[in-house]
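So this block is query_28.txt, compact mmCIF, C-alpha atoms:
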# COMPACT_ATOMS: atom_id res chain seq x y z
CA MET A 6 -4.26 -18.70 43.12
CA ALA A 7 -5.22 -21.99 41.52
CA GLN A 8 -6.47 -20.24 38.37
CA ALA A 9 -3.05 -18.71 37.76
CA ARG A 10 -1.29 -22.04 38.19
CA LEU A 11 -3.81 -23.68 35.84
CA ALA A 12 -3.12 -20.90 33.32
CA GLY A 13 0.60 -21.69 33.62
CA VAL A 14 -0.02 -25.40 33.04
CA LEU A 15 -2.16 -24.69 29.97
CA TYR A 16 0.44 -22.25 28.63
CA LEU A 17 3.13 -24.91 29.02
CA ILE A 18 0.94 -27.45 27.18
CA ILE A 19 0.47 -24.96 24.34
CA ILE A 20 4.18 -24.18 24.08
CA LEU A 21 5.23 -27.85 24.11
CA CYS A 22 2.48 -29.21 21.86
CA ALA A 23 2.47 -26.41 19.26
CA GLY A 24 6.28 -26.32 19.27
CA PHE A 25 6.42 -30.07 18.67
CA SER A 26 3.88 -29.95 15.83
CA GLU A 27 5.29 -26.93 14.04
CA GLY A 28 8.99 -27.25 14.77
CA TYR A 29 9.55 -31.00 14.86
CA VAL A 30 6.77 -32.62 12.83
CA ARG A 31 6.12 -30.20 9.97
CA GLY A 32 9.58 -28.67 10.19
CA GLY A 33 11.11 -32.13 9.88
CA VAL A 34 9.22 -33.28 6.79
CA ILE A 35 8.91 -30.20 4.60
CA VAL A 36 11.58 -29.74 1.95
CA SER A 37 11.09 -26.24 0.58
CA GLY A 38 10.08 -26.27 -3.07
CA ASP A 39 10.42 -30.06 -3.40
CA ALA A 40 6.98 -31.68 -3.48
CA ALA A 41 8.28 -35.22 -4.15
CA ALA A 42 10.75 -35.19 -1.24
CA THR A 43 8.18 -33.65 1.11
CA ALA A 44 5.54 -36.23 0.17
CA ALA A 45 8.04 -39.07 0.60
CA ASN A 46 8.93 -37.82 4.08
CA ILE A 47 5.27 -37.65 5.07
CA ARG A 48 4.48 -41.14 3.77
CA ALA A 49 7.46 -42.50 5.68
CA SER A 50 6.29 -40.78 8.88
CA GLU A 51 2.50 -40.86 8.61
CA TRP A 52 2.01 -41.88 12.25
CA LEU A 53 4.24 -39.01 13.42
CA PHE A 54 2.28 -36.64 11.19
CA ARG A 55 -0.97 -37.83 12.80
CA ILE A 56 0.54 -37.26 16.25
CA GLY A 57 1.45 -33.73 15.14
CA PHE A 58 -2.17 -33.13 14.22
CA THR A 59 -3.29 -34.37 17.65
CA THR A 60 -0.79 -32.27 19.60
CA ASP A 61 -1.80 -29.19 17.62
CA LEU A 62 -5.45 -29.91 18.44
CA LEU A 63 -4.60 -30.24 22.13
CA ALA A 64 -2.75 -26.91 22.03
CA PHE A 65 -5.67 -25.09 20.42
CA LEU A 66 -8.20 -26.58 22.85
CA SER A 67 -5.95 -25.35 25.67
CA ASP A 68 -5.83 -21.92 24.02
CA VAL A 69 -9.60 -21.53 24.40
CA ALA A 70 -9.44 -22.25 28.14
CA LEU A 71 -6.40 -20.01 28.57
CA ALA A 72 -8.18 -17.09 26.91
CA VAL A 73 -10.93 -17.33 29.54
CA LEU A 74 -8.45 -17.69 32.41
CA PHE A 75 -6.48 -14.61 31.34
CA TYR A 76 -9.73 -12.68 31.22
CA VAL A 77 -10.63 -13.80 34.76
CA LEU A 78 -7.15 -13.01 36.08
CA LEU A 79 -6.76 -9.61 34.42
CA ARG A 80 -10.27 -8.17 34.34
CA PRO A 81 -9.71 -6.36 37.68
CA VAL A 82 -7.04 -4.28 35.92
CA ASP A 83 -9.30 -3.28 33.01
CA GLN A 84 -12.33 -5.42 32.22
CA VAL A 85 -12.95 -4.08 28.72
CA ILE A 86 -9.36 -4.51 27.54
CA ALA A 87 -9.19 -7.96 29.16
CA MET A 88 -12.34 -8.95 27.24
CA ILE A 89 -10.94 -7.64 23.95
CA ALA A 90 -7.69 -9.52 24.57
CA ALA A 91 -9.64 -12.73 25.21
CA ALA A 92 -11.65 -12.19 22.02
CA PHE A 93 -8.48 -11.88 19.93
CA ARG A 94 -7.03 -15.07 21.48
CA LEU A 95 -10.29 -16.94 20.85
CA ALA A 96 -10.27 -15.70 17.24
CA GLN A 97 -6.71 -16.96 16.87
CA ALA A 98 -7.67 -20.37 18.28
CA SER A 99 -10.64 -20.58 15.91
CA ILE A 100 -8.50 -19.81 12.86
CA LEU A 101 -5.88 -22.34 13.95
CA GLY A 102 -8.53 -25.00 14.50
CA ILE A 103 -9.99 -24.52 11.03
CA ASN A 104 -6.50 -24.32 9.57
CA LEU A 105 -5.80 -27.82 10.91
CA LEU A 106 -7.94 -29.09 8.03
CA ASN A 107 -5.00 -28.27 5.77
CA HIS A 108 -2.72 -30.46 7.92
CA PHE A 109 -5.19 -33.34 7.81
CA GLU A 110 -5.70 -32.82 4.06
CA VAL A 111 -2.09 -33.94 3.66
CA ILE A 112 -2.90 -37.19 5.49
CA LEU A 113 -5.94 -37.76 3.28
CA LEU A 114 -3.88 -37.18 0.14
CA SER A 115 -1.29 -39.71 1.29
CA SER A 116 -3.93 -42.36 1.99
CA GLU A 117 -4.02 -43.76 -1.59
CA ALA A 118 -7.83 -43.75 -1.50
CA GLY A 119 -9.50 -44.93 -4.69
CA TYR A 120 -10.95 -41.55 -5.60
CA LEU A 121 -7.41 -40.14 -5.81
CA GLY A 122 -6.74 -42.36 -8.82
CA VAL A 123 -7.69 -39.49 -11.16
CA PHE A 124 -4.46 -37.74 -10.10
CA SER A 125 -0.95 -38.75 -11.02
CA SER A 126 1.53 -39.35 -8.21
CA ALA A 127 3.31 -36.09 -9.09
CA GLN A 128 0.02 -34.19 -8.88
CA ILE A 129 -0.77 -35.70 -5.48
CA ASP A 130 2.71 -34.76 -4.24
CA ALA A 131 2.14 -31.19 -5.46
CA LEU A 132 -1.27 -31.04 -3.72
CA MET A 133 0.31 -32.22 -0.47
CA LEU A 134 2.92 -29.48 -0.56
CA HIS A 135 0.24 -26.96 -1.53
CA ALA A 136 -1.83 -27.97 1.50
CA LEU A 137 1.19 -27.45 3.74
CA GLU A 138 1.84 -24.02 2.20
CA THR A 139 -1.82 -23.10 2.77
CA HIS A 140 -1.47 -24.30 6.37
CA ARG A 141 1.61 -22.11 6.85
CA HIS A 142 -0.23 -19.02 5.63
CA GLY A 143 -3.22 -19.87 7.81
CA TYR A 144 -0.81 -19.95 10.75
CA LEU A 145 0.46 -16.50 9.78
CA ILE A 146 -3.08 -15.10 9.62
CA SER A 147 -3.81 -16.41 13.12
CA GLN A 148 -0.51 -14.90 14.24
CA MET A 149 -1.84 -11.41 13.50
CA PHE A 150 -4.72 -11.91 15.92
CA PHE A 151 -2.34 -13.34 18.50
CA GLY A 152 -0.03 -10.34 18.09
CA VAL A 153 -2.84 -7.98 19.08
CA HIS A 154 -3.66 -10.28 22.02
CA CYS A 155 -0.04 -10.07 23.20
CA LEU A 156 -0.04 -6.28 22.98
CA LEU A 157 -3.17 -6.05 25.13
CA ILE A 158 -2.03 -8.69 27.61
CA GLY A 159 1.32 -6.92 27.90
CA TYR A 160 -0.44 -3.64 28.74
CA LEU A 161 -2.55 -5.37 31.40
CA LEU A 162 0.47 -7.15 32.88
CA TRP A 163 2.38 -3.86 32.98
CA ARG A 164 -0.40 -2.41 35.13
CA ALA A 165 -0.94 -5.50 37.31
CA ALA A 166 1.28 -5.31 40.39
CA SER A 167 1.50 -9.09 40.69
CA PHE A 168 3.76 -9.34 37.65
CA PRO A 169 7.17 -7.77 37.04
CA ARG A 170 6.78 -4.93 34.59
CA ALA A 171 9.51 -6.59 32.54
CA ILE A 172 7.10 -9.41 31.63
CA GLY A 173 4.47 -6.90 30.53
CA ALA A 174 7.08 -5.10 28.43
CA LEU A 175 8.27 -8.38 26.92
CA MET A 176 4.72 -9.34 25.95
CA VAL A 177 4.25 -5.97 24.23
CA ILE A 178 7.50 -6.54 22.35
CA ALA A 179 6.30 -10.05 21.48
CA GLY A 180 3.06 -8.59 20.09
CA VAL A 181 5.01 -6.19 17.91
CA GLY A 182 7.25 -9.05 16.79
CA TYR A 183 4.31 -11.26 15.82
CA LEU A 184 2.66 -8.45 13.85
CA ALA A 185 5.88 -7.37 12.13
CA ASP A 186 6.70 -10.97 11.21
CA GLY A 187 3.21 -11.61 9.83
CA PHE A 188 2.99 -8.40 7.81
CA GLY A 189 6.51 -9.05 6.56
CA PHE A 190 5.58 -12.46 5.14
CA PHE A 191 2.50 -11.07 3.39
CA LEU A 192 4.05 -7.84 2.09
CA LEU A 193 7.74 -8.72 1.62
CA PRO A 194 7.89 -12.52 1.22
CA SER A 195 11.40 -12.48 -0.25
CA VAL A 196 12.86 -10.68 2.78
CA ALA A 197 10.68 -12.04 5.60
CA PRO A 198 12.43 -15.42 6.13
CA THR A 199 15.73 -13.62 6.74
CA VAL A 200 14.41 -11.19 9.36
CA SER A 201 11.84 -13.51 10.94
CA PRO A 202 14.23 -14.86 13.64
CA PHE A 203 14.95 -11.28 14.71
CA PHE A 204 11.24 -10.64 15.28
CA LEU A 205 10.42 -13.98 16.88
CA THR A 206 13.33 -14.44 19.32
CA PRO A 207 11.81 -12.01 21.86
CA VAL A 208 8.52 -13.91 21.48
CA VAL A 209 10.07 -17.08 22.92
CA VAL A 210 11.56 -15.19 25.85
CA ALA A 211 8.30 -13.36 26.60
CA GLU A 212 5.98 -16.35 26.49
CA LEU A 213 8.31 -18.60 28.48
CA SER A 214 8.75 -15.88 31.09
CA LEU A 215 5.00 -15.45 31.50
CA CYS A 216 4.41 -19.21 31.58
CA LEU A 217 7.06 -19.78 34.24
CA TRP A 218 5.86 -16.87 36.37
CA LEU A 219 2.33 -18.28 36.40
CA LEU A 220 3.59 -21.77 37.24
CA LEU A 221 6.06 -20.76 39.95
CA LYS A 222 4.41 -17.73 41.52
CA GLY A 223 0.68 -17.63 40.83
CA VAL A 224 -1.30 -14.52 41.76
CA ARG A 225 -3.90 -13.39 44.24
CA THR A 226 -6.08 -10.27 44.17
CA HIS A 227 -5.38 -7.42 46.57
CA ASP A 228 -6.59 -3.84 46.54
CA ALA A 229 -5.89 -1.35 43.70
CA GLY A 230 -4.26 -1.51 40.29
CA ARG A 231 -0.74 -0.28 39.71
CA GLY A 232 -0.60 3.28 38.57
CA GLY A 233 -3.86 4.32 40.22
CA GLY A 234 -6.13 2.27 37.93
CA HIS A 235 -9.69 1.41 38.83
CA GLY A 236 -9.02 -2.33 39.05
CA ARG A 237 -7.72 -4.39 41.94
CA GLU A 238 -4.03 -5.02 42.32
CA PHE A 239 -2.53 -8.48 41.86
CA ARG A 240 0.27 -9.65 44.08
CA ALA A 241 2.48 -12.67 43.65
CA VAL A 242 1.86 -15.72 45.79
CA THR A 243 5.16 -17.07 47.08
Represent the structure of the file as C-alpha cells.
Amino acid sequence: MAQARLAGVLYLIIILCAGFSEGYVRGGVIVSGDAAATAANIRASEWLFRIGFTTDLLAFLSDVALAVLFYVLLRPVDQVIAMIAAAFRLAQASILGINLLNHFEVILLSSEAGYLGVFSSAQIDALMLHALETHRHGYLISQMFFGVHCLLIGYLLWRAASFPRAIGALMVIAGVGYLADGFGFFLLPSVAPTVSPFFLTPVVVAELSLCLWLLLKGVRTHDAGRGGGHGREFRAVT
C-alpha cells in the first residue's frame, strides 16, 4: 500500500532530521554548565545551527502527516484508539513546533542586534544557554505525549496481522521508556542522565524496526483483525 510506504518515508525523514538536529547540532555545541563555551561554539557554527532549526522543522511537519497516516492505516483495528494515538502525536508535534522558538531564540541572541546592547556579553551567553535548557525541557514535555502515542500504536500493531507482534511489543516498550525517561528527568534530575540510555536504547530499536517494516513491506487491508477484533486485518505486501 502506497500509504504505508509513504509513512515509512516520513518516519525515516523524522529519524534522520530530528537525530541530526538534536544529536549532532545541539549535542555538538552545548557544553554543560559552561555558558561562555556554548555561546562561542554557536557563534562559530551559526549556519549549522540554522540548518539544525530547519531540519527540526522538517521533522515536525512530517510528524503531522505521519500522525494522519497512522490513523488511516490502523483505524480498521480500533478506530477510537487510532484517533487517540493520532491526537497524542499531533500534540507532541505542536509542542515541538512551539519549542523551536527556544532554538531560534539562541540565534537571535547571537545576532549582536542593537537592542541587545543593554546586556553584557556574559549575560547574553547565559541567556543563550538558558534558552537551550528551556528547549531541552520542552523536548522532554513533548516526549511524554509521544510516549503515550507509542503505547497506543504498539497495542494497535500487536493486533494488526500485517505487522510482526515483536514490533508492536517493541513500540509498547518504547512508550514505557519515553515516559520513564521523561518522568525521571522531572522527578529525579540527578539520577536521570545516568539511567536515560537504559530507557532510550529500546526506543531506537523499536522506531527503526517500524520504519524499516513500512518501507520494505508496506501493508494492505484484508478481512478481520488479529485476535477476533472488529477491525479488518492487515497483511504484509511482499
Tell me, counting only C-alpha atoms, for each residue of region 127-212 of chain A within 10 Å of region 74-97 of chain A, which pair of atoms is nearest and how far apart they are in Å to one decimal, in rows ordered by chain and increasing number, as CSV.
residue,atom,partner,partner_atom,distance
A:Tyr144,CA,A:Gln97,CA,9.0
A:Ile146,CA,A:Gln97,CA,8.3
A:Ser147,CA,A:Gln97,CA,4.8
A:Gln148,CA,A:Gln97,CA,7.0
A:Met149,CA,A:Gln97,CA,8.1
A:Phe150,CA,A:Phe93,CA,5.5
A:Phe151,CA,A:Arg94,CA,5.8
A:Gly152,CA,A:Phe93,CA,8.8
A:Val153,CA,A:Phe93,CA,6.9
A:His154,CA,A:Ala90,CA,4.8
A:Cys155,CA,A:Ala90,CA,7.8
A:Leu156,CA,A:Ala90,CA,8.5
A:Leu157,CA,A:Ala90,CA,5.7
A:Ile158,CA,A:Ala90,CA,6.5
A:Gly159,CA,A:Ala90,CA,10.0
A:Tyr160,CA,A:Ile86,CA,9.0
A:Leu161,CA,A:Val82,CA,6.5
A:Leu162,CA,A:Leu79,CA,7.8
A:Trp163,CA,A:Val82,CA,9.9
A:Arg164,CA,A:Val82,CA,6.9
A:Ala165,CA,A:Val82,CA,6.4
A:Ala166,CA,A:Val82,CA,9.5
- Query: What separation in Å, quoted to one decimal, exists between CA of Arg31 (chain A) and CA of Ser116 (chain A)?
  - Reply: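 That distance, rounded to one decimal, is 17.7 Å.
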- Item | Residue with smallest distance to Ile19 (chain A) - pool A:Ile35, A:Leu66, A:Gly122, A:Ala40, counting all atoms listed in the file | A:Leu66
- Message: Report, in Å to a single decimal, how far apart CA of His140 (chain A) and CA of Asn46 (chain A) are.
- Response: 17.2 Å
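CA of Asp61 (chain A) sits 21.8 Å away from CA of Arg10 (chain A).
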- Pick from A:Leu215, A:Leu105, A:Arg141, A:Gly189 nearest to Val177 (chain A), counting all atoms listed in the file: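 Closest residue, counting all atoms listed in the file: A:Leu215.
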If you count all atoms listed in the file, which residues fall within 12 Å of Glu110 (chain A), apart from same-chain ones fewer than 5 positions away, as a short mmCIF file (atom, residue, chain, number, x, y, z; two decimals) with C-alpha atoms, keeping the file's coordinate frame?
data_model
loop_
_atom_site.label_atom_id
_atom_site.label_comp_id
_atom_site.auth_asym_id
_atom_site.auth_seq_id
_atom_site.Cartn_x
_atom_site.Cartn_y
_atom_site.Cartn_z
CA PHE A 54 2.28 -36.64 11.19
CA ARG A 55 -0.97 -37.83 12.80
CA PHE A 58 -2.17 -33.13 14.22
CA ILE A 103 -9.99 -24.52 11.03
CA ASN A 104 -6.50 -24.32 9.57
CA LEU A 105 -5.80 -27.82 10.91
CA SER A 115 -1.29 -39.71 1.29
CA SER A 116 -3.93 -42.36 1.99
CA ILE A 129 -0.77 -35.70 -5.48
CA ASP A 130 2.71 -34.76 -4.24
CA LEU A 132 -1.27 -31.04 -3.72
CA MET A 133 0.31 -32.22 -0.47
CA LEU A 134 2.92 -29.48 -0.56
CA HIS A 135 0.24 -26.96 -1.53
CA ALA A 136 -1.83 -27.97 1.50
CA LEU A 137 1.19 -27.45 3.74
CA GLU A 138 1.84 -24.02 2.20
CA THR A 139 -1.82 -23.10 2.77
CA HIS A 140 -1.47 -24.30 6.37
#
- Message: I'd like to know which of A:Leu213, A:Leu145, A:Ala185, A:Leu175 is closest to Ile100 (chain A), using all atoms listed in the file.
- Response: A:Leu145
- Item | Radius query 12 Å about (3.5, -8.1, 7.8), atoms used: all atoms listed in the file, as JSON, numbers by chain | {"A": [142, 145, 146, 148, 149, 152, 181, 182, 183, 184, 185, 186, 187, 188, 189, 190, 191, 192, 193, 194, 196, 197, 198, 200, 201, 204]}
- Item | Residue among A:Ala118, A:Ala23, A:Ile178, A:Val111 lying closest to Ala98 (chain A), counting all atoms listed in the file |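 Result for the nearest residue to Ala98 (chain A): A:Ala23.
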